[in-house]
Structures are given as C-alpha cells and as structure tokens.
Protein chains: 2
Amino acid sequence: MKVISFVTIIIILSFFFLHNESFAQSEGKYTIVIHGGAGYISPEISQEIKKAYLSSLKVALKLGKQILSEGGTSLDAVEQVVKFFENDSLFNAGKGAVFTSTGWHELDASIMNGIDLSTGAVAGVKKIKNPISLARLVMEKTPHVLFAGEGADNLGKKFGVGIVENNYFDIHRRYQQWKLKQQEEVKGTVGCVAIDFYGNIAAATSTGGLTGKWPGRVGDSPLINAGTYADNNTCGVSGTGQGELFIRLTVAYNVSALMKYKNYSLEEAAKEIVFNVLPEGSGGIIAVDKDGNYALPFNTASMLRGVANSEGIFEVAIWK
Amino acid sequence: MKVISFVTIIIILSFFFLHNESFAQSEGKYTIVIHGGAGYISPEISQEIKKAYLSSLKVALKLGKQILSEGGTSLDAVEQVVKFFENDSLFNAGKGAVFTSTGWHELDASIMNGIDLSTGAVAGVKKIKNPISLARLVMEKTPHVLFAGEGADNLGKKFGVGIVENNYFDIHRRYQQWKLKQQEEVKGTVGCVAIDFYGNIAAATSTGGLTGKWPGRVGDSPLINAGTYADNNTCGVSGTGQGELFIRLTVAYNVSALMKYKNYSLEEAAKEIVFNVLPEGSGGIIAVDKDGNYALPFNTASMLRGVANSEGIFEVAIWK
C-alpha cells in the first residue's frame, strides 16, 4: 500500500508541476489582433468617417481585450469581436454586407480553434444575423465543418440563432455602391485572431463578399486554409482581400506551413506570403503566433486594423 | 537594320531552343491515376460486383490514357475521366450520388490546373448532371472559383450544361443505404490526376458526399487545398475519405507543401500525410508529380484505383 501511495503522490505532484509550468508560461499573457478589411480608403476621407472607423476599431479591440484579460478564451474573444463588427454597418460583414449582382446579400463566415484544428463555417447565408455565431455552432454541434446556401440558413433556424429577412442587410451606402457598380473602397471582410492565457489560439473571419458578386459565389472567408486558420503549434491567421487569390494561394494555411516546415518566424512567414506570394494590391492578413507575437502586413493602400496585448499595447490604424 | 535582324533571329532561336528543351523533357511522356473511393469493400463481395468495379476502372483509365497518348491535355483527361465516373451509377458521384438525411442529393466537384493554380468548383448542386464540367466552366468562364447551392445550379442553367431533376440521382442501392442508415461501403468520391506531354498537371474530384449528410453540408471534394490540388512545380492530388478531416488537415495542399518546403519526394510526402497525419481508417489519396512519378496510398481496407503511364503500366486494383 505504501508503494502505491508513494507512486500516487509522485504522479499527482508531477501533474501539478507540469500543469503549473505550462500555465506559468502564459499566465496573464494574451494578444489580440483585429481587421476591418484591406483596400483603398483615401487619406482624403472626412474626419468624421475617419473617426467613425477608428472609434469602431477601438470598441471592438477593447471588447476582445476585456474578455482575454479576465481569463476568457480566445474562441469567445474572436467570436464576440467579429459579432460586434457584424452588427456595425460600417463594415462589410453582417448588417453592412454588400449587394450581390442580383440585389441580394449572401454572407460567409468561419471560425477555427487551434487546440484541435476543429472548425466551423457557413457560406452564402441570406437570413442569419450573425454568421460567425452559426459558424461556431457548426463547429461545436454538428459532425460537419462547412454548410452552404439554403441548408445553412435552415441550420440556423434549427439552432435558434437570430434570423432576419434579407432586406435587414439593405444599407443605403451599399445600395449606391451596387447601383454605381463601384467596388468597395474597403475590400470587405472583418476578422480577429487571439491567443489567451492558456496558450490557445483562435481565428475568425466574416464577410458580405464582393459588391456585385455572382449569386452563389463563395470567397475565401468561409474556407479554412484560405481565409482563416489556427493551430496552437504555429499561429492563427485571418485574411482580407481578393478572395479568389487567397483560395488559389492557400494564404492562411501557408503562413502556418512556413513556420512548421521552414522554421520561419511569424513575421517572416506573414511578410513572405503578403509581399512575395500575393500580388501587390490584393490584400492583407492579421496573425498571432504561439508566443504572442503578432503581424499585420498588407499590400493595399489601407487596412483597418488593431492590436492589443497584455504588455500594454493598444493600437488601431488605417494607413501605413 | 542588320543589327535588329540579327537580334530578332537570336530571340527566335532562343525561344525555339527553350521551348524545344522544355518539350523534349516530357515528349511522349504522361502519367494518369484514378480513384473511385477509399473505404471498406469486403473481400467477400461477389465476383460479379468485383468484376463490375474493375471493369469500370479499366474503362475510365483507358479513356484518360487515350486522351493523353494522343497529345491531349491533362485538364481534358481528368475532366473526361471524372465525367465518366459521374455517369456510372457504381460510384458515389453524379448519377450514383448518395442521399442526404432528408432524401435529396447534393453534389460537389472541383478541378484545378497546375499551370497557373486556376481552379473551379461547385458545392451542393441538385440539378447538374455532371458537376465536374460545371466546375471547369466556373474556372474558365467566371471571375470566381467556387459556387454553392442554388446559385451554382442557376449558373449551370446559364451555361447550358446538362440539367436533370433531382430524382435522376435516385438509385435503388443508395436508397437502401439511406433507409438503413448504412454508411457507404465505399467512402464516396471519384477523382483523377494526370500529367501530360507538356508537363502540365491537372486534378479533379467529384462526389455525392456522405450517406445521410445534413442538407447544405460541404465536404472536402469541392475545396481545393483539402480534396484537390495541382501545381506544375510539385504535384497534383485528389483525395477520398472523411471529408471533414481532409479539410481540417489541409490534406491535398500539404502533399505539395512537403515537396515545396521540405524537399520530400512525392512518395515520402504522400505517405507522410496518409499514414502519419491522417488517422488510420480515414481515407487515401492519388497523386502524380512533375516528373511523372505516382503514389496511391490509403489507410482504409480498400481503395478503388488505377494507374497508367507512357512506360506501359496499366493497372487497376481494389485491395492492398
């Protein structure tokens, strides 16, 4: 009996020290990055619009920071931040989603958990107020990872998420862009990536797509590997830009692959993809690695973005 | 004038030699691999069914081989082979597509061109006789790469491809599987990868998905990086198995990434992904590299497959 008790105590102590060491590495440490789309916002925009963008970015960042600083999970932080963007008509996601070529709105979103590479996504939903929350339900409550079209809307009804009529997304500014066949000054998409106290990385992306996109078109935002990726062993990524290019060039996963296979740092990997793999003018990414480092490179004129961490950094910006 | 003429001649000759050298590398050489799904076909199946599978595989392989041996492109070969499988009710793609949980059929397909990483895909189509041909039209005739749901069906109508009623896909054998809630003995999916005389690699995949899948569910087959990938600098890949795992583990692109970033041979990369990254029993891949090498690893009991090349190999098989 004595031998058994001794072994038991050793095992318990080992668990305690192992757990403690792992916890100590990241205790109280967190990093969060956000984006509200890469594109071509003119530096000549009115002070009023500039203030509105910066103010929304700050509120979103503060919301995520608070969840993380109170010991919340990165998964909750990225979902809540993206949900905030979806409810703010300034951004091309949720309420502010652009018009398709036929005058509808079709929304895409995805979320990924770096603990176990679990993921959920929806594409082309027309009646879901917060696509990011449905994406999370896909991840946690279904055996599948991606739902598209009517099936995805029906899944939302089944799960009891907020359902709206498609004209909920009709915003006068977006209507003008569509009628004038103007491409969005911001290339749509919002996103958030975070690492929490526990060393877990999560990433989330949501979008209304391209103004005047063909009905049924799916971009990179609901596709992990293309627009969203998270792996606790490397990094988390959310992309914004020309979705078709992000799919063909496996943008989000490639940042992780360069770290995993070529030992690149996060900064090296992110810059390689944004400045050497993606063509100039096509977009940007936000990323956080397993040590809390971050990178926000973009090859367009502007990227609405922000970063906050436990070291006291709290910054938002539009241009370079 | 003399100087200009001399320069012109040099340029023309350079082009000739460069083109010739590149052509000579692969002149008359080609490789094609096919699959009709990885899974658990019992070695006890009747001789009749075994013969039917092997016979269909041979016809498909012969069709692709003929296109390539006559100097056709790998893109034409993979499309035509997958179209053949879609029209053969033995396979879970096109005509033989399984039932969803609500008794419908929703089909997925993708195609990728290794020359320029261009790609096209459709997900959840209900009325398209040959999804692979619509995927090719998405690649060649639209500014987008992926269409899902009703928008994808409407695109097919617009392009004038073969339209059928959803009950065209009702097959008695699939109906029984659905009613008895049996998972398919073959884990669905058909695919083809080829390299042609010109050194160009193409890959294509098509499926009816999982028996009893939730409506709107999209698997790996229409997602490049997950189920399909082709890059002339590395390899082409088509996957078959548990789609959700293939998406989360970026299966098809990862074979290419291991070659590109870690200098793995095709065989090393394909085996690494199928035997060390994917869990046992989850599926397999077929792949061809830029030098015409091939790999057909699977970690299930069976994978309907075949390979043919310009060196005279012509083989089809079901079990290990």
# chains A, B, ... in the order shown; residues from 1 in each chain; ligands from 1
call {"tool": "select_by_dssp", "arguments": {"residues": "region 69-202 of chain A", "states": "strand (DSSP E or B)", "output": "VMD selection string"}}
result
chain A and resid 100 107 to 113 118 to 125 128 146 to 148 163 186 190 to 195 201 to 202
call {"tool": "select_by_dssp", "arguments": {"residues": "region 75-193 of chain B", "states": "alpha helix (DSSP H)", "output": "PyMOL selection string"}}
result
chain B and resi 75-87+131-141+149-159+172-179
call {"tool": "residues_around", "arguments": {"residues": "region 314-319 of chain B", "least_positions_apart": "6", "cutoff": "7 Å", "atoms": "only C-alpha atoms", "output": "PyMOL selection string"}}
result
chain B and resi 54+57-58+301-308
call {"tool": "interface_residues", "arguments": {"of": "chain B", "to": "chain A", "cutoff": "8 Å", "atoms": "only C-alpha atoms", "output": "ChimeraX atom specification"}}
result
/B:117-119,123-124,144-152,214-219,224-225,244,247-250,253,257-258,261-262
call {"tool": "residues_around", "arguments": {"residues": "Ile128 (chain A)", "least_positions_apart": "4", "cutoff": "7 Å", "atoms": "only C-alpha atoms", "output": "compact mmCIF listing (two decimals) with all heavy atoms, in the first residue's frame"}}
result
# COMPACT_ATOMS: atom_id res chain seq x y z
N ASP A 153 -28.87 28.25 -43.97
CA ASP A 153 -29.93 29.09 -43.36
C ASP A 153 -30.87 28.22 -42.50
O ASP A 153 -31.25 28.61 -41.39
CB ASP A 153 -30.73 29.80 -44.45
CG ASP A 153 -30.05 31.09 -44.90
OD1 ASP A 153 -29.61 31.86 -44.04
OD2 ASP A 153 -29.97 31.31 -46.13
N GLY A 156 -29.44 27.37 -39.23
CA GLY A 156 -29.55 28.48 -38.29
C GLY A 156 -30.90 28.49 -37.60
O GLY A 156 -31.00 28.69 -36.38
N GLY A 162 -30.31 34.14 -34.32
CA GLY A 162 -31.08 35.28 -34.82
C GLY A 162 -31.32 35.19 -36.32
O GLY A 162 -30.38 35.11 -37.10
N ILE A 163 -32.60 35.19 -36.70
CA ILE A 163 -32.98 35.11 -38.11
C ILE A 163 -33.53 36.47 -38.53
O ILE A 163 -34.31 37.07 -37.79
CB ILE A 163 -34.06 34.04 -38.35
CG1 ILE A 163 -33.58 32.66 -37.86
CG2 ILE A 163 -34.50 34.00 -39.81
CD1 ILE A 163 -32.47 32.05 -38.65
N VAL A 164 -33.13 36.96 -39.70
CA VAL A 164 -33.63 38.24 -40.19
C VAL A 164 -34.07 38.06 -41.65
O VAL A 164 -33.69 37.10 -42.31
CB VAL A 164 -32.54 39.34 -40.13
CG1 VAL A 164 -32.21 39.68 -38.68
CG2 VAL A 164 -31.28 38.91 -40.88
